[in-house]
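Asks: The structure's right below; bear with me while I get my questions together.
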Amino acid sequence: MGRNTIRIGPLVLAGVIALGLPLAVRSATYLHILVLLYLYAYLTTSWNLVGGFAGVLPLGHSAFVGIGAYTSTVLSLQYGISPWIGMMIGGILAAIVGVIIGLPTFKMRGAYFALATIAFAEGIRVMVENIDNLGPIRLNGPRGLQIPPLNTGLLNFMFATKEPYYYIILFMLAGVLFLTYAISRSKLGHYLVAGGEEPEAAMALGVNVARAKLIAMAMSSFLTAFAGTFWAQFTLYIHPKSVMSLDISFEIAFIALIGGRGSIAGPVLGALLLRPVTDLSRIYFGGKLPGLHLIIFGVVLVLVMIYQPRGLQEPLTRAYRSVTKKLFGHTEAA
Amino acid sequence: MQFILEDIINGILMGSIYGLAALGLTVIFGVLKVINFAHGSLLMVGMYVAYWAVILTGLHPYLALVIVVPVMFLFGYFLQDIVIKPIFKAEKAVREPITVIIVTTGVWYILDNLSLLVFGPQYRNLQDNPLRGKMLEVGGMLLSVPRLWGFFAALLTAFAIYLFFQKTRTGRAIRATSIDREAASLQGINQYKVYNLAVGIGTAAAGIAGVSLVPFYNIFPSVGVLFDIKCFIIVVLGGLGSIAGALLGGMIIGVIEYVGTQFMAATWTEAIVYGLFLVFLFLKPSGLFGVKYEW
C-alpha cells in the first residue's frame with residue numbers, strides 16, 4: 001500500500017458512500033436532513049476561506065446567503081430567468097458587496113471586524129424587511145417571496161423529489177472542497193495564512209495582505225451566495241428572517257470553529273457532528289425541550305475552545321494517523 | 001415643536017437605560033479587552049432574577065436590587081473564573097484573544113436557551129406593580145416615571161463605578177491591569193482576580209439595568225438579543241472602555257429611536273442606527289470618548 005492509497009482511499013470511500021446514500025435512505029425526512037448537512041458543510045467551507053485561512057472572524061455571511069437567494073428568486077419570478085443564471089448573477093453581486101464590506105473592515109482586527117460584519121448583515125436585512133418595491137424589483141418586505149412549484153425540471157432548478165437536490169448540493173460541496181484544497185496549496189493560500197497569523201511579518205516580506213484578503217472575501221461571498229440560491233430553490237419560500245438572519249452567520253461560525261477553522265476537513269467534520277444534533281433534537285425534543293440543540297452547541301463550543309482551540313479535526317487527524325500507521329506501517333506526510 | 005421636545009426627553013430617558021445596559025460591556029472591555037457577546041444574556045438573567053425576586057418576596061420592584069446586585073456580581077465573577085479564565089491562561093501572549101469572543105458567544109447561546117427551557121417562551125411582566133404605566137406631567141409633556149428612575153439609576157451607577165475605579169485600591173489595581181497587563185502583574189496584581197472582579201462588576205451593572213427595565217418591560221428568554229447589538233453599537237459610539245461614552249452613546253441611540261419614529265417607520269430607525277454605527281467604525285473607531293487603541 002503506497003502513501004497515496006492511504007490518503008486517497010478514504011476519500012474515494014466517502015465519495016462512493018455519499019453517492020449511494022439516497023439508494024439506502026428512502027425517507028424524505030432523512031434525505032432532507034442530509035441535504036441540510038451538506039448545505040451547511042458547503043456554507044462553512046466557503047466561510048472558511050475568509051474565517052479560517054485569513055484568520056478573521058466574519059459574522060455576517062447571512063447577507064451573502066440572502067443576496068444569492070433574493071437575486072435568483074427575483075430574476076426567475078419577475079423575468080423568467082433560469083435560477084442557474086440567477087445563481088451566477090447573485091454570486092457576482094455578493095462578491096461585489098463582499099469586496100465593498102471588506103475594503104474598510106479588513107483594516108480592523110478581531111472584535112471590531114466581527115462587529116462591523118454583523119452591522120453590515122443586519123443593516124442589509126433591516127433594509128430588505130422595510131422595502132416592498134425597489135424600483136421595478138418586488139422584494140415584498142418581511143413577507144418574503146414564494147416560488148410557485150409549477151415547472152419542475154433541471155433547467156428550472158426545481159424538483160418534485162429530494163434526490164436531485166441531494167446530488168446538486170453534494171457536487172457543490174465536492175467542488176468547493178476541491179477549490180479550498182487548491183487554494184490552500186496555492187500562493188494565495190500561503191499569503192492568507194501568513195497575513196492572518198503575522199500581518200506585519202508578511203507585509204515586511206512583500207505580501208500584499210489586504211489584496212489577498214479581499215480576493216478571499218470575494219470568493220467566499222461568491223460561493224456563499226450559491227448556497228442562497230440553492231436554499232431558495234430547495235424550500236421554495238424565502239423571507240428576510242429565513243435567509244438573512246444572524247442565526248445563520250453564527251451557526252456557520254460555530255460549525256467551523258468546532259470542526260476546526262483553517263483546515264479543509266474541519267467544516268465538513270463540524271457539520272457532520274452538529275447538524276444531526278440540530279435536526280434530531282428538533283424532531284424528538286422540539287415540543288418538550290425547545291432550544292436543546294442550541295444549548296448543546298454552546299456547551300460543545302465552550303468545551304472545544306477551552307480544550308481544543310484549533311477544533312476537533314486536530315485530535316481526530318492525529319488519531320486517524322496513528323491508526324493507519326499501525327495498520328500499514330506508514331507515516332503520512334502532512 | 002412640543003412633541004419633538006417630548007420625544008427628545010423620552011429618548012434620553014430610555015437611552016440612558018440602554019447606556020446602563022451597555023455600561024457593563026464597556027467595563028468588561030476596558031479591562032479584559034474582550035467584547036462580551038453574552039452581555040445581552042447577562043441582562044436577560046438580571047431581568048429574570050429581578051422578576052422572580054419581586055414575585056416570590058413581594059418586594060417593591062426597586063428593592064429587588066438588594067438581591068439582584070450581589071447575585072449578578074457572583075454570577076459574573078464565577079462565569080469569568082470558570083469559563084473564561086482557562087482561555088486567558090492558555091493564550092497569554094495574545095493581545096486580544098478571539099477565542100474568548102467565541103466562548104462568550106457560546107455562553108450567550110447556553111444562557112438564552114437554558115432560560116427558554118426553564119421558563120418557557122412566554123412573555124412575563126410585573127402585572128400590578130406600582131410603577132407600571134405611571135406618567136409624570138411636566139409642562140404639558142408626559143414622561144414615563146419608571147424610565148425617569150432608570151435615568152437616575154444610570155447616572156448613579158456610572159458615577160459609583162467611576163468613583164470605585166478612581167478612589168479605591170482595588171479600583172486602581174483594575175485600572176492598572178487595563179492599561180498594561182504584564183506591568184500590573186509585575187507589581188503583584190493578580191490579573192485573573194482583577195478580571196473576575198471586572199466581569200462581576202459589569203454583570204452587576206447589567207443586573208441594575210435589568211431592575212430598571214422590569215417594571216415596564218416584557219421579560220422573555222431572547223430579550224437580551226434586543227439589547228445585545230444595541231449595546232455593541234453604544235459602546236463603539238461612545239468609545240470602548242469609556243463609562244461616560246456608554247451613557248452618551250445610549251442617549252444618542254435613544255433619541256434617534258424616539259424622534260425618528262415621528263418621521264418614519266420604527267423599523268427604519270434601526271437601519272439608521274446601523275448606518276451611524278458603521279460610519280463611526282470606519283471614521284472614528286475609538287468612538288466619542290475612547291482612548292486611541294492600536295488595533
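Order determines the names: the first chain of the C-alpha cells is A, the second B, and so forth; residues in each chain are numbered 1 upward, and ligands are numbered 1 upward as they are shown.
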How close does chain B get to chain A? List, as JSON lines, each residue of chain B within 9 Å, its nearest atom pair and the distance in Å to one decimal, counting only C-alpha atoms.

Replies:
{"residue": "B:Val34", "atom": "CA", "partner": "A:Ala111", "partner_atom": "CA", "distance": 7.5}
{"residue": "B:Ile35", "atom": "CA", "partner": "A:Ala111", "partner_atom": "CA", "distance": 6.5}
{"residue": "B:Val83", "atom": "CA", "partner": "A:Val302", "partner_atom": "CA", "distance": 7.7}
{"residue": "B:Ile84", "atom": "CA", "partner": "A:Ile306", "partner_atom": "CA", "distance": 8.4}
{"residue": "B:Pro86", "atom": "CA", "partner": "A:Ile306", "partner_atom": "CA", "distance": 6.5}
{"residue": "B:Ile87", "atom": "CA", "partner": "A:Ile306", "partner_atom": "CA", "distance": 5.8}
{"residue": "B:Ala90", "atom": "CA", "partner": "A:Ile306", "partner_atom": "CA", "distance": 8.3}
{"residue": "B:Glu96", "atom": "CA", "partner": "A:Gly110", "partner_atom": "CA", "distance": 7.2}
{"residue": "B:Pro97", "atom": "CA", "partner": "A:Gly110", "partner_atom": "CA", "distance": 7.9}
{"residue": "B:Ile98", "atom": "CA", "partner": "A:Gly110", "partner_atom": "CA", "distance": 6.1}
{"residue": "B:Thr99", "atom": "CA", "partner": "A:Met305", "partner_atom": "CA", "distance": 6.6}
{"residue": "B:Val100", "atom": "CA", "partner": "A:Met305", "partner_atom": "CA", "distance": 8.3}
{"residue": "B:Ile101", "atom": "CA", "partner": "A:Ala111", "partner_atom": "CA", "distance": 7.4}
{"residue": "B:Ile102", "atom": "CA", "partner": "A:Met305", "partner_atom": "CA", "distance": 7.8}
{"residue": "B:Val103", "atom": "CA", "partner": "A:Val302", "partner_atom": "CA", "distance": 5.2}
{"residue": "B:Thr104", "atom": "CA", "partner": "A:Val302", "partner_atom": "CA", "distance": 8.2}
{"residue": "B:Thr105", "atom": "CA", "partner": "A:Gly298", "partner_atom": "CA", "distance": 7.7}
{"residue": "B:Gly106", "atom": "CA", "partner": "A:Gly298", "partner_atom": "CA", "distance": 4.1}
{"residue": "B:Val107", "atom": "CA", "partner": "A:Gly298", "partner_atom": "CA", "distance": 6.2}
{"residue": "B:Trp108", "atom": "CA", "partner": "A:Gly298", "partner_atom": "CA", "distance": 7.7}
{"residue": "B:Tyr109", "atom": "CA", "partner": "A:Gly298", "partner_atom": "CA", "distance": 5.5}
{"residue": "B:Ile110", "atom": "CA", "partner": "A:Ile295", "partner_atom": "CA", "distance": 4.6}
{"residue": "B:Leu111", "atom": "CA", "partner": "A:Ile295", "partner_atom": "CA", "distance": 7.8}
{"residue": "B:Asp112", "atom": "CA", "partner": "A:Ile295", "partner_atom": "CA", "distance": 8.4}
{"residue": "B:Asn113", "atom": "CA", "partner": "A:Gly291", "partner_atom": "CA", "distance": 5.2}
{"residue": "B:Leu114", "atom": "CA", "partner": "A:Ile295", "partner_atom": "CA", "distance": 6.7}
{"residue": "B:Leu116", "atom": "CA", "partner": "A:Gly291", "partner_atom": "CA", "distance": 6.9}
{"residue": "B:Leu117", "atom": "CA", "partner": "A:Leu289", "partner_atom": "CA", "distance": 6.0}
{"residue": "B:Gly120", "atom": "CA", "partner": "A:Pro290", "partner_atom": "CA", "distance": 8.4}
{"residue": "B:Pro121", "atom": "CA", "partner": "A:Pro290", "partner_atom": "CA", "distance": 8.8}
{"residue": "B:Ile229", "atom": "CA", "partner": "A:Ala119", "partner_atom": "CA", "distance": 8.3}
{"residue": "B:Phe232", "atom": "CA", "partner": "A:Leu115", "partner_atom": "CA", "distance": 7.5}
{"residue": "B:Ile233", "atom": "CA", "partner": "A:Leu115", "partner_atom": "CA", "distance": 8.6}
{"residue": "B:Val236", "atom": "CA", "partner": "A:Tyr112", "partner_atom": "CA", "distance": 8.9}
{"residue": "B:Ala265", "atom": "CA", "partner": "A:Asn130", "partner_atom": "CA", "distance": 8.6}
{"residue": "B:Thr267", "atom": "CA", "partner": "A:Asn130", "partner_atom": "CA", "distance": 7.0}
{"residue": "B:Trp268", "atom": "CA", "partner": "A:Asn130", "partner_atom": "CA", "distance": 6.9}
{"residue": "B:Glu270", "atom": "CA", "partner": "A:Val126", "partner_atom": "CA", "distance": 7.2}
{"residue": "B:Ala271", "atom": "CA", "partner": "A:Gly123", "partner_atom": "CA", "distance": 5.5}
{"residue": "B:Ile272", "atom": "CA", "partner": "A:Gly123", "partner_atom": "CA", "distance": 8.5}
{"residue": "B:Val273", "atom": "CA", "partner": "A:Gly123", "partner_atom": "CA", "distance": 8.8}
{"residue": "B:Tyr274", "atom": "CA", "partner": "A:Gly123", "partner_atom": "CA", "distance": 5.7}
{"residue": "B:Gly275", "atom": "CA", "partner": "A:Gly123", "partner_atom": "CA", "distance": 7.2}
{"residue": "B:Phe277", "atom": "CA", "partner": "A:Ala119", "partner_atom": "CA", "distance": 7.6}
{"residue": "B:Leu278", "atom": "CA", "partner": "A:Ala116", "partner_atom": "CA", "distance": 6.7}
{"residue": "B:Leu281", "atom": "CA", "partner": "A:Ala116", "partner_atom": "CA", "distance": 7.2}
{"residue": "B:Phe282", "atom": "CA", "partner": "A:Pro104", "partner_atom": "CA", "distance": 6.7}
{"residue": "B:Pro285", "atom": "CA", "partner": "A:Tyr112", "partner_atom": "CA", "distance": 8.4}
{"residue": "B:Trp295", "atom": "CA", "partner": "A:Arg109", "partner_atom": "CA", "distance": 5.8}

Asks: For stretch 22-37 of chain A, list every protein, DNA or RNA residue within 8 Å, evaluated using only C-alpha atoms, and leave out those in the same chain fewer than 5 positions away; present the list as a PyMOL selection string.

Replies: chain A and resi 162-163+165-166+169+271-272+275-276+279

Asks: Going by DSSP on the backbone, which residues of stretch 121-334 of chain A come out as alpha helix (DSSP H)? List them as a PyMOL selection string.

Replies: chain A and resi 121-130+163-185+187-197+199-204+209-235+240-243+246-259+265-285+292-307+313-328

Asks: Measuring atom to atom with only C-alpha atoms, identify which of B:Leu142, B:Ala204, B:Val49, B:Leu186 is nearest to B:Met72.

Replies: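 Between B:Leu142, B:Ala204, B:Val49, B:Leu186, the residue approaching B:Met72 most closely is B:Ala204.
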
Asks: List the neighbours of B:Tyr162 out to 12 Å using only C-alpha atoms; skip same-chain residues closer than 2 positions along the sequence, and give me the result as a compact mmCIF listing (two decimals) with N, CA and C atoms, in the first residue's frame.

Replies:
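Resulting contents of around_28.txt:
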# COMPACT_ATOMS: atom_id res chain seq x y z
N LEU B 23 -23.14 49.68 30.02
CA LEU B 23 -22.08 50.05 30.95
C LEU B 23 -21.19 48.85 31.31
N VAL B 27 -17.15 48.26 30.71
CA VAL B 27 -16.24 47.97 31.83
C VAL B 27 -15.45 46.70 31.54
N LEU B 155 -27.19 57.21 35.87
CA LEU B 155 -26.21 58.22 36.29
C LEU B 155 -25.49 57.77 37.57
N LEU B 156 -26.29 57.30 38.55
CA LEU B 156 -25.71 56.91 39.83
C LEU B 156 -24.74 55.73 39.67
N THR B 157 -25.17 54.72 38.88
CA THR B 157 -24.31 53.54 38.70
C THR B 157 -23.00 53.95 38.04
N ALA B 158 -23.11 54.77 36.97
CA ALA B 158 -21.90 55.19 36.27
C ALA B 158 -20.98 55.93 37.22
N PHE B 159 -21.56 56.81 38.04
CA PHE B 159 -20.76 57.60 38.97
C PHE B 159 -20.11 56.70 40.01
N ALA B 160 -20.88 55.71 40.51
CA ALA B 160 -20.34 54.81 41.53
C ALA B 160 -19.17 54.01 40.96
N PHE B 164 -15.34 54.15 42.24
CA PHE B 164 -14.68 52.92 42.68
C PHE B 164 -13.34 52.76 41.95
N PHE B 165 -13.34 53.01 40.65
CA PHE B 165 -12.11 52.86 39.87
C PHE B 165 -11.07 53.91 40.27
N GLN B 166 -11.54 55.13 40.61
CA GLN B 166 -10.58 56.21 40.87
C GLN B 166 -10.06 56.19 42.30
N LYS B 167 -10.94 55.89 43.26
CA LYS B 167 -10.60 56.16 44.65
C LYS B 167 -10.13 54.96 45.46
N THR B 168 -10.55 53.75 45.06
CA THR B 168 -10.19 52.62 45.92
C THR B 168 -8.92 51.95 45.41
N GLY B 171 -9.83 49.43 42.82
CA GLY B 171 -10.14 50.12 41.56
C GLY B 171 -8.88 50.50 40.82
N ARG B 172 -7.91 50.96 41.56
CA ARG B 172 -6.65 51.34 40.92
C ARG B 172 -5.95 50.11 40.33
N ILE B 174 -7.47 47.54 39.16
CA ILE B 174 -8.19 47.20 37.94
C ILE B 174 -7.73 48.10 36.80
N ARG B 175 -7.59 49.40 37.11
CA ARG B 175 -7.17 50.32 36.04
C ARG B 175 -5.76 49.99 35.57
N ILE B 201 -18.39 43.14 38.25
CA ILE B 201 -18.95 44.50 38.28
C ILE B 201 -19.81 44.74 37.03
N GLY B 241 -14.67 51.04 26.40
CA GLY B 241 -13.94 51.23 27.65
C GLY B 241 -14.30 52.51 28.36
N SER B 242 -15.05 53.41 27.70
CA SER B 242 -15.37 54.68 28.34
C SER B 242 -16.74 54.63 29.02
N ILE B 243 -16.77 54.99 30.31
CA ILE B 243 -18.03 54.93 31.07
C ILE B 243 -18.97 56.04 30.64
N ALA B 244 -18.45 57.28 30.57
CA ALA B 244 -19.29 58.38 30.14
C ALA B 244 -19.75 58.16 28.70

Asks: I'd like the contact shell of B:Gly250 - 7 Å cut-off, only C-alpha atoms, skipping same-chain residues fewer than 2 positions apart - returned as a list in words.

Replies: Gly15, Ser16, Tyr18, Gly19, Ile234, Ala246, Leu247, Leu248, Ile252, Ile253 and Gly254 of chain B

Asks: As an NGL selection string, please: the residues near A:Gly196 (cut-off 7 Å, only C-alpha atoms, same-chain neighbours under 3 positions excluded).

Replies: :A and (53-55 or 192-193 or 199)
